[in-house]
Structures are given as C-alpha cells and as structure tokens.
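A.B. asks: File follows, protein.txt with compact mmCIF, C-alpha atoms and all ligand atoms:
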# COMPACT_ATOMS: atom_id res chain seq x y z
CA MET P 243 48.20 -19.33 -3.57
CA THR P 244 49.70 -17.41 -6.50
CA ARG P 245 49.57 -13.61 -6.65
CA ASP P 246 47.10 -13.73 -9.61
CA LEU P 247 44.76 -16.03 -7.75
CA ARG P 248 44.92 -13.79 -4.69
CA MET P 249 44.00 -10.71 -6.78
CA ARG P 250 41.09 -12.58 -8.34
CA TRP P 251 39.54 -13.02 -4.88
CA LEU P 252 40.64 -9.72 -3.40
CA THR P 253 38.76 -7.46 -5.86
CA PRO P 254 35.27 -8.98 -5.43
CA ALA P 255 35.82 -9.26 -1.69
CA LEU P 256 36.67 -5.56 -1.43
CA ALA P 257 33.71 -4.64 -3.66
CA LEU P 258 31.38 -6.69 -1.45
CA LEU P 259 32.74 -5.01 1.67
CA LEU P 260 32.20 -1.58 0.09
CA VAL P 261 28.59 -2.41 -0.88
CA LEU P 262 27.87 -3.76 2.60
CA SER P 263 29.31 -0.72 4.34
CA LEU P 264 27.51 1.70 1.97
CA SER P 265 24.20 -0.06 2.47
CA ALA P 266 24.58 0.51 6.19
CA CYS P 267 24.80 4.27 5.57
CA THR P 268 21.08 4.83 4.99
CA SER P 269 19.79 5.86 8.36
CA PHE P 270 16.13 5.92 7.36
CA THR P 271 14.55 3.17 5.29
CA PRO P 272 10.85 3.91 4.91
CA ASN P 273 9.92 0.54 3.44
CA SER P 274 11.96 -1.55 5.84
CA ILE P 275 10.38 -4.07 8.18
CA PHE P 276 12.77 -2.95 10.91
CA GLY P 277 11.80 -0.02 13.09
CA ALA P 278 8.18 -1.09 13.49
CA HIS P 279 5.39 1.36 14.30
CA SER P 280 2.64 -0.93 15.52
CA GLN P 281 2.12 -3.48 18.28
CA PHE P 282 2.23 -6.25 15.63
CA GLY P 283 5.50 -4.88 14.30
CA HIS P 284 7.06 -4.72 17.78
CA ILE P 285 6.18 -8.34 18.54
CA VAL P 286 7.64 -9.55 15.23
CA ASP P 287 10.60 -7.20 15.61
CA SER P 288 11.53 -8.51 19.04
CA LEU P 289 11.23 -12.12 17.81
CA THR P 290 13.43 -11.34 14.80
CA ARG P 291 16.07 -9.74 17.02
CA LYS P 292 16.01 -12.69 19.41
CA LEU P 293 16.49 -15.13 16.54
CA VAL P 294 19.25 -13.06 14.95
CA VAL P 295 21.14 -13.01 18.28
CA LEU P 296 20.67 -16.77 18.80
CA GLY P 297 21.70 -17.45 15.22
CA ALA P 298 24.75 -15.21 15.61
CA ILE P 299 25.89 -17.10 18.73
CA VAL P 300 25.58 -20.44 16.94
CA PHE P 301 27.34 -19.05 13.86
CA VAL P 302 30.29 -17.67 15.84
CA LEU P 303 30.69 -20.91 17.85
CA VAL P 304 30.58 -23.17 14.79
CA GLU P 305 32.87 -20.97 12.68
CA THR P 306 35.40 -20.63 15.54
CA LEU P 307 35.46 -24.38 15.93
CA ILE P 308 35.93 -24.91 12.18
CA VAL P 309 38.78 -22.37 11.96
CA PHE P 310 40.40 -23.83 15.08
CA ILE P 311 40.30 -27.37 13.66
CA LEU P 312 41.51 -26.24 10.22
CA VAL P 313 44.52 -24.55 11.76
CA LYS P 314 45.32 -27.11 14.46
CA PHE P 315 45.07 -30.17 12.21
CA ARG P 316 46.46 -28.68 8.98
CA GLU P 317 48.97 -30.73 7.01
CA ARG P 318 52.50 -30.29 8.31
CA ASP P 319 55.80 -32.04 7.65
CA GLY P 320 56.14 -35.12 9.81
CA ASN P 321 52.40 -35.43 10.58
CA ARG P 322 51.31 -38.91 11.49
CA GLU P 323 48.03 -40.29 10.17
CA ALA P 324 45.21 -39.52 12.64
CA LYS P 325 43.89 -42.31 14.86
CA GLN P 326 41.02 -44.12 13.09
CA PHE P 327 37.99 -45.22 15.13
CA HIS P 328 34.31 -46.09 14.66
CA GLY P 329 31.46 -44.61 16.78
CA ASN P 330 31.52 -42.20 19.74
CA ALA P 331 28.37 -42.25 21.89
CA THR P 332 29.23 -39.04 23.79
CA LEU P 333 29.75 -37.06 20.58
CA GLU P 334 26.60 -38.41 18.95
CA ILE P 335 24.39 -37.64 21.95
CA GLY P 336 26.02 -34.20 22.14
CA TRP P 337 25.34 -33.24 18.52
CA THR P 338 21.74 -34.43 18.82
CA LEU P 339 21.00 -32.73 22.13
CA VAL P 340 22.61 -29.36 21.40
CA PRO P 341 20.58 -28.65 18.21
CA ALA P 342 17.42 -29.87 20.01
CA ILE P 343 18.02 -27.36 22.79
CA ILE P 344 18.74 -24.61 20.25
CA LEU P 345 15.51 -25.44 18.37
CA ALA P 346 13.55 -25.32 21.63
CA PHE P 347 14.93 -21.82 22.27
CA ILE P 348 13.74 -20.78 18.79
CA ALA P 349 10.40 -22.61 18.91
CA VAL P 350 9.08 -21.23 22.20
CA PRO P 351 9.14 -17.49 21.31
CA THR P 352 8.13 -18.25 17.69
CA ILE P 353 5.02 -20.23 18.64
CA LYS P 354 4.15 -17.63 21.26
CA THR P 355 4.34 -14.91 18.56
CA ILE P 356 2.22 -16.94 16.15
CA PHE P 357 -0.52 -17.33 18.76
CA GLU P 358 -0.32 -13.65 19.71
CA THR P 359 -0.62 -12.38 16.13
CA GLU P 360 -3.16 -14.98 15.01
CA ALA P 361 -5.53 -14.39 17.92
CA LYS P 362 -8.88 -12.74 17.25
CA ALA P 363 -8.80 -8.94 17.28
CA PRO P 364 -10.52 -7.29 20.26
CA PRO P 365 -14.20 -6.60 19.54
CA SER P 366 -13.66 -2.86 19.97
CA ALA P 367 -11.33 -2.85 16.95
CA LEU P 368 -11.89 -0.66 13.94
CA GLN P 369 -13.14 -2.97 11.19
CA VAL P 370 -11.72 -2.48 7.72
CA GLU P 371 -12.66 -4.63 4.74
CA VAL P 372 -9.81 -4.84 2.25
CA ILE P 373 -10.81 -5.96 -1.23
CA GLY P 374 -8.08 -6.63 -3.76
CA HIS P 375 -8.68 -5.78 -7.41
CA GLN P 376 -6.36 -5.95 -10.41
CA TRP P 377 -4.62 -3.51 -9.66
CA TRP P 378 -5.97 -1.35 -6.89
CA TRP P 379 -7.27 -1.59 -3.34
CA GLU P 380 -10.78 -1.06 -2.10
CA PHE P 381 -11.17 -0.17 1.59
CA ARG P 382 -14.52 -0.27 3.36
CA TYR P 383 -15.21 0.82 6.92
CA PRO P 384 -18.50 -0.98 7.71
CA GLN P 385 -18.85 0.70 11.14
CA TYR P 386 -18.75 4.09 9.42
CA GLY P 387 -20.45 3.32 6.09
CA ILE P 388 -17.41 4.50 4.14
CA THR P 389 -15.95 3.10 0.92
CA THR P 390 -12.67 4.46 -0.35
CA ALA P 391 -9.75 3.33 -2.47
CA ASN P 392 -5.98 3.11 -2.28
CA GLU P 393 -5.71 5.25 0.86
CA LEU P 394 -6.23 4.04 4.41
CA TYR P 395 -6.79 6.26 7.41
CA LEU P 396 -6.22 4.65 10.80
CA PRO P 397 -6.44 6.14 14.29
CA VAL P 398 -3.28 5.82 16.39
CA GLY P 399 -3.74 3.61 19.46
CA ARG P 400 -6.84 1.80 18.22
CA THR P 401 -6.60 -1.73 16.88
CA ALA P 402 -7.55 -2.00 13.24
CA ASN P 403 -8.86 -5.39 12.15
CA PHE P 404 -8.57 -6.07 8.42
CA ALA P 405 -10.81 -8.59 6.68
CA LEU P 406 -9.03 -9.48 3.46
CA THR P 407 -10.79 -10.73 0.32
CA THR P 408 -10.22 -10.50 -3.42
CA LYS P 409 -12.46 -9.79 -6.40
CA ASP P 410 -10.19 -11.63 -8.82
CA VAL P 411 -6.77 -13.27 -8.30
CA LEU P 412 -4.54 -13.63 -5.25
CA HIS P 413 -3.03 -10.46 -3.80
CA SER P 414 -1.17 -9.79 -0.57
CA PHE P 415 -1.69 -6.92 1.84
CA TRP P 416 1.54 -5.48 3.19
CA ILE P 417 2.53 -2.30 5.01
CA PRO P 418 6.19 -3.03 5.85
CA GLN P 419 6.41 -0.81 8.91
CA LEU P 420 3.02 -1.72 10.37
CA ASP P 421 2.24 -5.37 9.69
CA GLY P 422 3.31 -8.62 8.14
CA LYS P 423 2.18 -9.79 4.71
CA ARG P 424 -1.15 -11.54 4.49
CA ASP P 425 -2.69 -12.99 1.35
CA LEU P 426 -6.05 -12.10 -0.14
CA ILE P 427 -7.53 -15.41 -1.24
CA SER P 428 -10.56 -16.17 -3.43
CA ASN P 429 -13.65 -17.43 -1.58
CA HIS P 430 -12.00 -17.08 1.80
CA THR P 431 -11.62 -14.21 4.24
CA ASN P 432 -8.21 -13.78 5.83
CA TYR P 433 -7.64 -11.50 8.80
CA ILE P 434 -4.79 -9.43 10.12
CA TRP P 435 -4.85 -6.83 12.84
CA PHE P 436 -2.49 -4.34 14.38
CA THR P 437 -2.47 -1.22 16.51
CA PRO P 438 -0.52 1.71 15.04
CA ASP P 439 1.55 3.52 17.66
CA SER P 440 2.64 6.66 15.84
CA ALA P 441 1.07 9.18 13.47
CA PHE P 442 2.59 9.36 10.03
CA ALA P 443 2.25 8.32 6.36
CA TRP P 444 3.31 4.88 5.16
CA ASN P 445 3.61 2.93 1.94
CA GLY P 446 1.57 -0.19 1.34
CA PHE P 447 2.17 -2.80 -1.33
CA CYS P 448 0.72 -5.84 -3.01
CA ALA P 449 3.18 -8.60 -2.12
CA GLU P 450 1.81 -11.45 -4.23
CA TYR P 451 2.33 -11.55 -7.99
CA CYS P 452 -1.09 -10.80 -9.47
CA GLY P 453 -0.51 -10.01 -13.12
CA THR P 454 0.83 -7.29 -15.42
CA SER P 455 0.59 -4.38 -12.99
CA HIS P 456 1.37 -6.21 -9.77
CA ALA P 457 4.21 -3.76 -9.12
CA ASN P 458 1.75 -0.89 -9.68
CA MET P 459 -0.70 -2.05 -7.02
CA ARG P 460 0.23 0.18 -4.11
CA PHE P 461 -1.56 2.14 -1.45
CA LYS P 462 -0.93 4.78 1.22
CA VAL P 463 -1.64 4.56 4.91
CA PHE P 464 -2.16 7.59 7.13
CA THR P 465 -2.07 6.96 10.86
CA VAL P 466 -3.62 9.98 12.52
CA ALA P 467 -4.80 11.15 15.93
CA PRO P 468 -8.20 9.68 16.89
CA ALA P 469 -9.90 13.09 16.63
CA GLU P 470 -8.47 13.56 13.14
CA PHE P 471 -9.66 10.11 12.17
CA ASP P 472 -13.17 10.96 13.37
CA ALA P 473 -13.09 14.17 11.32
CA TRP P 474 -11.89 12.24 8.28
CA ALA P 475 -14.56 9.56 8.71
CA ALA P 476 -17.31 12.13 9.16
CA HIS P 477 -16.15 13.93 6.04
CA GLN P 478 -15.91 10.74 3.99
CA LYS P 479 -19.53 9.98 4.88
CA THR P 480 -20.75 13.20 3.35
CA ASN P 481 -21.89 13.32 -0.24
CA ALA P 482 -19.50 14.56 -2.87
CA VAL P 483 -19.32 18.25 -3.65
CA GLY P 484 -21.95 19.19 -6.20
CA SER P 485 -23.78 15.91 -5.87
CA ALA P 486 -27.07 17.28 -4.61
CA PRO P 487 -30.34 16.04 -6.04
CA PRO P 488 -32.47 18.36 -8.23
CA ALA P 489 -32.98 21.84 -6.83
CA PRO P 490 -35.98 21.90 -4.45
CA ALA P 491 -39.10 23.70 -5.58
CA PRO P 492 -39.51 27.17 -4.06
CA GLY P 493 -40.80 26.83 -0.54
CA ALA P 494 -39.58 23.27 -0.07
CA ALA P 495 -37.36 22.39 2.86
CA THR P 496 -33.70 23.13 2.32
CA ASP P 497 -31.16 20.36 1.94
CA SER P 498 -29.54 20.96 5.27
CA ALA P 499 -32.90 20.85 7.00
CA LYS P 500 -33.31 17.36 5.59
CA GLY P 501 -30.02 16.35 7.03
CA THR P 502 -27.94 16.49 3.87
CA PRO P 503 -24.47 17.77 4.70
CA PRO P 504 -24.02 21.45 3.86
CA VAL P 505 -21.15 20.69 1.53
CA THR P 506 -23.64 19.44 -1.06
CA LYS P 507 -25.25 22.85 -1.31
CA ILE P 508 -22.38 24.27 -3.29
CA ALA P 509 -23.70 23.42 -6.71
CA THR P 510 -27.29 22.53 -6.00
CA ALA P 511 -28.61 23.77 -9.28
CA VAL P 512 -26.01 22.48 -11.70
CA GLY P 513 -26.56 19.68 -14.19
CA THR P 514 -28.90 17.81 -11.91
CA THR P 515 -30.45 14.52 -12.82
CA THR P 516 -34.15 14.10 -13.23
CA PRO P 517 -35.86 11.08 -11.66
CA ALA P 518 -36.11 9.58 -15.13
CA GLY P 519 -32.36 9.55 -15.31
CA GLU P 520 -31.88 12.21 -18.01
CA VAL P 521 -29.64 15.12 -17.29
CA ALA P 522 -31.47 18.39 -16.97
CA PRO P 523 -29.81 21.32 -18.71
CA PRO P 524 -27.96 23.62 -16.32
CA PRO P 525 -29.99 26.66 -15.29
CA VAL P 526 -29.11 30.02 -16.83
CA ALA P 527 -27.40 31.44 -13.75
CA THR P 528 -24.83 28.71 -13.28
CA PRO P 529 -23.23 29.06 -9.86
CA VAL P 530 -19.47 28.79 -9.73
CA MET P 531 -18.18 25.69 -7.97
CA ASN P 532 -16.84 27.05 -4.75
CA VAL P 533 -14.73 24.18 -3.59
CA SER P 534 -13.09 24.67 -0.28
CA ASP P 535 -9.40 23.85 -0.05
CA THR P 536 -9.55 24.01 3.69
CA VAL P 537 -10.91 20.53 4.37
CA SER P 538 -8.65 19.53 7.22
CA ALA P 539 -10.00 16.02 7.43
CA THR P 540 -7.28 14.66 5.16
CA PHE P 541 -3.55 14.36 5.74
CA PRO P 542 -2.05 17.76 4.80
CA ARG P 543 -0.42 17.55 1.38
CA ASN P 544 2.41 19.87 2.35
CA LYS P 545 3.38 17.58 5.22
CA LEU P 546 3.57 14.42 3.15
CA PRO P 547 6.93 12.77 3.68
CA GLU P 548 8.95 12.51 0.51
CA TRP P 549 8.83 8.71 0.35
CA VAL P 550 5.05 8.49 -0.05
CA ILE P 551 5.02 10.77 -3.10
CA PRO P 552 5.14 8.55 -6.20
CA LYS P 553 7.71 9.37 -8.87
CA THR P 554 6.51 7.12 -11.70
CA PRO P 555 7.42 8.75 -15.05
CA THR P 556 4.51 9.34 -17.45
CA PRO P 557 4.72 7.85 -20.98
CA ALA P 558 6.70 10.23 -23.24
CA ALA P 559 4.27 9.70 -26.14
CA LEU P 560 1.27 10.76 -24.07
CA THR P 561 0.82 14.53 -24.26
CA PHE P 562 -1.94 16.92 -23.27
CA ASP P 563 -3.09 20.24 -24.72
CA ALA P 564 -1.60 22.78 -22.30
CA SER P 565 -4.18 25.41 -23.28
CA ALA P 566 -7.12 23.27 -22.08
CA THR P 567 -8.23 24.67 -18.74
CA GLY P 568 -10.75 22.50 -16.97
CA ASP P 569 -14.08 23.72 -15.65
CA ALA P 570 -15.40 21.68 -12.72
CA THR P 571 -19.04 22.54 -13.35
CA ARG P 572 -18.86 21.50 -17.00
CA GLY P 573 -16.95 18.39 -15.91
CA MET P 574 -19.67 17.48 -13.42
CA THR P 575 -22.38 17.73 -16.07
CA LEU P 576 -20.34 15.63 -18.45
CA PHE P 577 -19.44 13.04 -15.80
CA ARG P 578 -23.06 12.27 -14.98
CA THR P 579 -23.68 10.72 -18.39
CA ALA P 580 -20.13 9.72 -19.25
CA PRO P 581 -19.06 6.05 -19.47
CA CYS P 582 -17.24 6.70 -16.15
CA ILE P 583 -20.46 6.02 -14.26
CA ALA P 584 -20.61 2.41 -15.43
CA CYS P 585 -17.60 1.59 -13.26
CA HIS P 586 -17.33 4.32 -10.64
CA ALA P 587 -19.60 5.41 -7.83
CA ILE P 588 -19.87 8.90 -6.38
CA ARG P 589 -21.92 9.18 -3.22
CA GLY P 590 -24.86 11.47 -3.86
CA VAL P 591 -24.75 11.19 -7.66
CA PRO P 592 -27.63 8.85 -8.51
CA THR P 593 -26.34 7.98 -11.97
CA ALA P 594 -22.85 7.04 -10.74
CA GLN P 595 -23.18 3.73 -8.90
CA GLY P 596 -20.56 1.55 -10.62
CA ILE P 597 -18.63 -0.87 -8.45
CA VAL P 598 -16.03 -2.19 -10.89
CA GLY P 599 -13.64 0.70 -10.36
CA PRO P 600 -12.63 2.73 -7.30
CA ASN P 601 -15.28 4.76 -5.50
CA LEU P 602 -14.62 8.40 -6.44
CA THR P 603 -16.74 10.19 -3.81
CA HIS P 604 -13.81 12.11 -2.30
CA VAL P 605 -11.17 11.28 -4.89
CA GLY P 606 -9.87 14.87 -4.88
CA GLY P 607 -8.79 14.45 -1.27
CA ARG P 608 -6.54 11.50 -2.01
CA THR P 609 -2.84 12.04 -2.53
CA THR P 610 -2.37 9.54 -5.35
CA ILE P 611 -4.26 7.98 -8.26
CA ALA P 612 -3.99 4.77 -10.28
CA GLY P 613 -3.23 2.45 -7.37
CA GLY P 614 -0.75 4.80 -5.73
CA ILE P 615 1.60 5.17 -8.69
CA TYR P 616 0.98 8.82 -9.67
CA PRO P 617 0.49 11.95 -7.57
CA ASN P 618 -3.12 13.13 -7.58
CA ASP P 619 -2.86 16.42 -9.46
CA LEU P 620 -4.66 17.82 -12.52
CA HIS P 621 -1.83 16.93 -14.89
CA HIS P 622 -1.69 13.25 -13.92
CA LEU P 623 -5.48 12.98 -13.70
CA GLU P 624 -5.84 14.35 -17.23
CA LEU P 625 -3.25 11.96 -18.66
CA TRP P 626 -4.85 9.09 -16.75
CA ILE P 627 -8.33 9.74 -18.17
CA LYS P 628 -6.86 10.31 -21.61
CA ASN P 629 -5.04 6.98 -21.77
CA ALA P 630 -5.02 4.85 -18.63
CA PRO P 631 -3.66 1.70 -20.35
CA ALA P 632 -0.59 3.71 -21.44
CA MET P 633 -0.14 5.03 -17.91
CA LYS P 634 -0.47 1.62 -16.29
CA PRO P 635 0.09 -1.62 -18.21
CA GLY P 636 -2.97 -3.83 -18.24
CA SER P 637 -5.24 -1.16 -16.76
CA LEU P 638 -8.87 -2.24 -16.91
CA MET P 639 -9.87 1.40 -17.30
CA PRO P 640 -10.05 2.05 -21.06
CA LEU P 641 -8.59 5.12 -22.76
CA PHE P 642 -10.88 8.12 -23.33
CA GLY P 643 -8.70 10.48 -25.40
CA LYS P 644 -10.16 10.97 -28.86
CA ALA P 645 -6.93 10.63 -30.86
CA GLU P 646 -5.44 7.85 -28.73
CA LYS P 647 -4.90 4.43 -30.20
CA GLY P 648 -5.84 1.39 -28.17
CA ALA P 649 -8.25 -1.52 -27.77
CA THR P 650 -11.27 0.82 -27.69
CA PRO P 651 -11.73 4.16 -29.45
CA GLY P 652 -11.54 7.29 -27.29
CA VAL P 653 -14.39 9.79 -27.24
CA TYR P 654 -13.23 12.94 -25.47
CA THR P 655 -11.22 15.98 -26.49
CA ASP P 656 -8.49 17.31 -24.22
CA GLN P 657 -10.86 20.13 -23.20
CA GLN P 658 -13.54 17.64 -22.09
CA ILE P 659 -10.95 15.58 -20.23
CA ALA P 660 -9.65 18.73 -18.52
CA ASP P 661 -13.23 19.46 -17.41
CA LEU P 662 -13.63 15.92 -16.04
CA ALA P 663 -10.29 16.16 -14.22
CA ALA P 664 -11.26 19.54 -12.74
CA TYR P 665 -14.51 18.04 -11.45
CA LEU P 666 -12.84 15.00 -9.94
CA SER P 667 -10.15 17.16 -8.34
CA SER P 668 -12.87 19.26 -6.76
CA LEU P 669 -14.23 16.22 -4.90
CA LYS P 670 -12.04 16.81 -1.84
CU1 LIG Y 1 -2.08 -7.50 -6.38
CU2 LIG Y 1 0.15 -8.18 -6.71
In structure tokens, write the structure found in this file.
C.D. replies:
Amino acid sequence: MTRDLRMRWLTPALALLLVLSLSACTSFTPNSIFGAHSQFGHIVDSLTRKLVVLGAIVFVLVETLIVFILVKFRERDGNREAKQFHGNATLEIGWTLVPAIILAFIAVPTIKTIFETEAKAPPSALQVEVIGHQWWWEFRYPQYGITTANELYLPVGRTANFALTTKDVLHSFWIPQLDGKRDLISNHTNYIWFTPDSAFAWNGFCAEYCGTSHANMRFKVFTVAPAEFDAWAAHQKTNAVGSAPPAPAPGAATDSAKGTPPVTKIATAVGTTTPAGEVAPPPVATPVMNVSDTVSATFPRNKLPEWVIPKTPTPAALTFDASATGDATRGMTLFRTAPCIACHAIRGVPTAQGIVGPNLTHVGGRTTIAGGIYPNDLHHLELWIKNAPAMKPGSLMPLFGKAEKGATPGVYTDQQIADLAAYLSSLK
C-alpha cells in the first residue's frame, strides 16, 4: 500500500472514530429508546440487550476466524497450491446446525416478547382513545369523560391501554422511552399498552409519514403520581373558566347548588349566550376574569425538563403589534361567535361544539400548542391565531389576521387576536 493510499483511508477512519467517541459522550438522551421507563420498555430493552450480546458473540467469532484465515493462508514465497477437494459432510452439517441453534436462541425470547406485548391489557387498565389527525393528536379518556389534545397524563404504576384510530391518513403513535411504535390505521383499531414506572415528562412523536407537517405532529406525556392524575382528571372534567350558562334569575338556585363546578362562577354574567344562540350583550358591571394560576392539577411549568420545551422558530415575516394587550373577557365574548367555534369545542360553552380541531376546554393548562411545536404562551398563541398556516405548513386552521395573505382572508385585528389569546390562555 502506498503512503498516499494509506492517508486516503486514515483520514476518514480517524474522523469516524472521533464521531463515534463524541456520540458516546451524551449521557442523557431524552428521545432514545434505551433507558426505558415502562414495563413495555423494560421487556423490549432486555430483549434488545440479549440480541446485541448474542450478535456480538457471533460477530467476534466470525471476524476472528476470517482474520486468522487471512493471515495464516496469505500468499507467501514458496507456497504450494492448496489441496483441491469436493464436498465435506462434517463442514456442511456444521454450518447448517450452528446458525439453526443461533436462530433458536434468538427466536425463543423474541416470540415470548411478542406474546407478552401483544396480549390483551388487564381490564383494570386506564383506557385512552388516541385519534390521529393531520397534524395533531386527540386523546379521550372514556372512563373519565375527558377529551384533550396533544398532552397525555398517565398515572405511574397503572397500565394505560391505548386504542389507536385515525380520522384521516396513517399515523404512528410513539413515545420512545415508554413504548414501541404502533400505527394508527383507517377503519381499524390498533392497541398498545404499557405501565409507566416513573414520574416525569416525555416527548411523543408521529412515526409514520402523514403529509406536509408530519414532523410537526408531536405530543407531550406527563407521567404523574396516581393522586395527581386523579386531580388532573377531576379538573379536566370541569367546565372551562367563564363558560357558565346565562346568569340565573334572582332567587334561582346557584350554579354550585346545581352541581356545576365552582370554577365556572368566575365570569357568570359575561357575554352569555341566550337559548336562541345569540350572544347577549355583557352587563354593565362586567366582572374581571379572576383566573387562578394556582391550579395544581397540571404538570408545573417551572419543573418542565428542558427537552420537552419546543424551540421551533416563528416565521420572521409574521409580526404582532406589541402594544395590543389582550383582555380575556372581551376575548371570551368574541370567541363565542367567532369562526373558531365551527372547529373547536369548549366544555360548557354551548356555541363551541366543533370537533374538527382540538378540544380547547383547558387549553391554557397545556404546555404547548400546534401539535407540540410551540410553547403555549401569549406570544405564540397570538401568532398562531394570526396566521397558523405560516406557523405550521399545511395547517388546516386558516389564518385570522386581517392583513395576512393566504388562501382565505383574515378578519381580526391584532387587538382582537390578543383578546382571543388572553381568553384561551385563561382556560387553565
Ligand atoms: Cu402523523 Cu406523521
């Protein structure tokens, strides 16, 4: 081998070695399938490790043999031609039997794992219906009567059984550290179940190409203590803040006496809807929305691990009037007759019963918007309402900003959008 030729191989080989050693430096890989945190993950993990060890043994044996033969039988001065022969029954039986035994060692634990993970979930499992949409996730908890979007809450130690379906094309449900991938198929319900074993926040992904914003179809998973899950579920069942029906006539029973959660009393008299469906004008003494920030039924924002906070940049051309300060009460009044209600539902708001888009009942309590790609704060919410297609390619939600250019004309000023965002943010 000439010196030039040697250098040609040496440089890429050293570069590869450097990359490999650097990639081993990351001690924590939040989206890795290794280091599982559920019973499902542990089963798959232990199978993977077993197979890697078996594979490594075979690899080392075969490579040692190859190197040994290459060296021992290399061309040397004075070598005679090797003895030529045809057929060797011992060798042939050997190289048939050995792989068969190796395959048996791989097949037994693999089939065992398939049966374990494909078995029916225990009947006591928490049922979650996962519905894929282009490009967001709908989560329903039929045992609790809850519908939410893009954020899953699961109690640690209790099996969660997911029934997977899709509203449109194929998607795939995947939380790398909790489960394997499973497809969402049209006209067929797929199942996957696992039992989370530690409390934390995780990233979820769509793992099947499903169109323009496939990469923007993400979700978050919060595994919490059972008591926290119960608190979350109870809170999710309540109506949205400020969603109360028309103010009762003097002397009528109060809302709480009728069993409506107290949280709905906050803005009882604001912008209520008459039975005929028209919006009644707000009364003169408009109460201020007194939205509590102390709802502890959601994962605390300040404890969110860094890797679940999305860092998607917003489009440079999309700006927002910084002087527009939103008013939640005005936003609520506007929302009740806005086009938003054609696609979105808010529990307790009779006019908002849309099912095309995510349920917004407690949208303010979620950590992200737009299928997990932006943090849920006023700034991102305002930009999203102003021009969703610019924020997320292919978004089915149209733009609403008056001066924005797109497939449909926008109708709202930045001030109106700020009001809407303030209202939605208040729905903790
Ligand atoms: Cu949904 Cu990819």
A.B. asks: For a test of reading the model, state the distance in Å between atom CA of Trp444 of chain P and atom CA of Lys462 of chain P, rounded to one decimal.
C.D. replies: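 Value for the atom CA of Trp444 of chain P-atom CA of Lys462 of chain P distance: 5.8 Å.
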A.B. asks: Given a cut-off of 12 Å, what residues near ligand LIG 1 (chain Y) show up using all atoms listed in the file, put as a VMD selection string?
C.D. replies: chain P and resid 372 to 380 407 to 416 423 to 427 446 to 461 613
A.B. asks: Record the distance separating atom CA of Ala564 of chain P and atom CA of Ala482 of chain P, expressed in Å with one decimal.
C.D. replies: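 Value for the atom CA of Ala564 of chain P-atom CA of Ala482 of chain P distance: 27.7 Å.
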A.B. asks: I'd like the interatomic distance between atom CA of Ala587 of chain P and atom CA of Arg543 of chain P, to a tenth of an Å.
C.D. replies: 24.5 Å
A.B. asks: Given only C-alpha atoms as the basis, pick out the residue of P:Thr540, P:Thr332, P:Thr290, P:Asn432 nearest to Ile348 of chain P.
C.D. replies: P:Thr290
A.B. asks: Can you tell me which residues surround Glu371 of chain P at a distance of at most 12 Å, considering only C-alpha atoms, apart from same-chain residues fewer than 2 positions away, and format the answer as an MDAnalysis selection string?
C.D. replies: chainID P and resid 368:369 373:374 379:391 394 402:408 415 426 431:435
A.B. asks: Counting all atoms listed in the file, which residue out of P:Ile285, P:Val304, P:Val398, P:Val605 sits closest to Ile353 of chain P?
C.D. replies: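 Counting all atoms listed in the file, the residue closest to Ile353 of chain P is P:Ile285.
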A.B. asks: May I ask which of the residues P:Tyr665, P:Phe541, P:Trp337, P:Phe577 is the closest one to Asp619 of chain P, counting all atoms listed in the file?
C.D. replies: P:Tyr665
A.B. asks: Which is closer to Ile551 of chain P than all the others in P:Asn321, P:Asn445, P:Thr650, P:Thr567, using only C-alpha atoms?
C.D. replies: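 Result for the nearest residue to Ile551 of chain P: P:Asn445.
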A.B. asks: For Ala580 of chain P, which residue among P:Gln658, P:Asn629, P:Ser668, P:Thr561 is the nearest when counting only C-alpha atoms?
C.D. replies: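 That would be P:Gln658, the residue with the smallest distance to Ala580 of chain P.
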A.B. asks: So, counting all atoms listed in the file, which residue among P:Tyr616, P:Trp251, P:Tyr395, P:Phe436 is closest to Ala467 of chain P?
C.D. replies: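 Ranked by minimum distance to Ala467 of chain P, first place goes to P:Tyr395.
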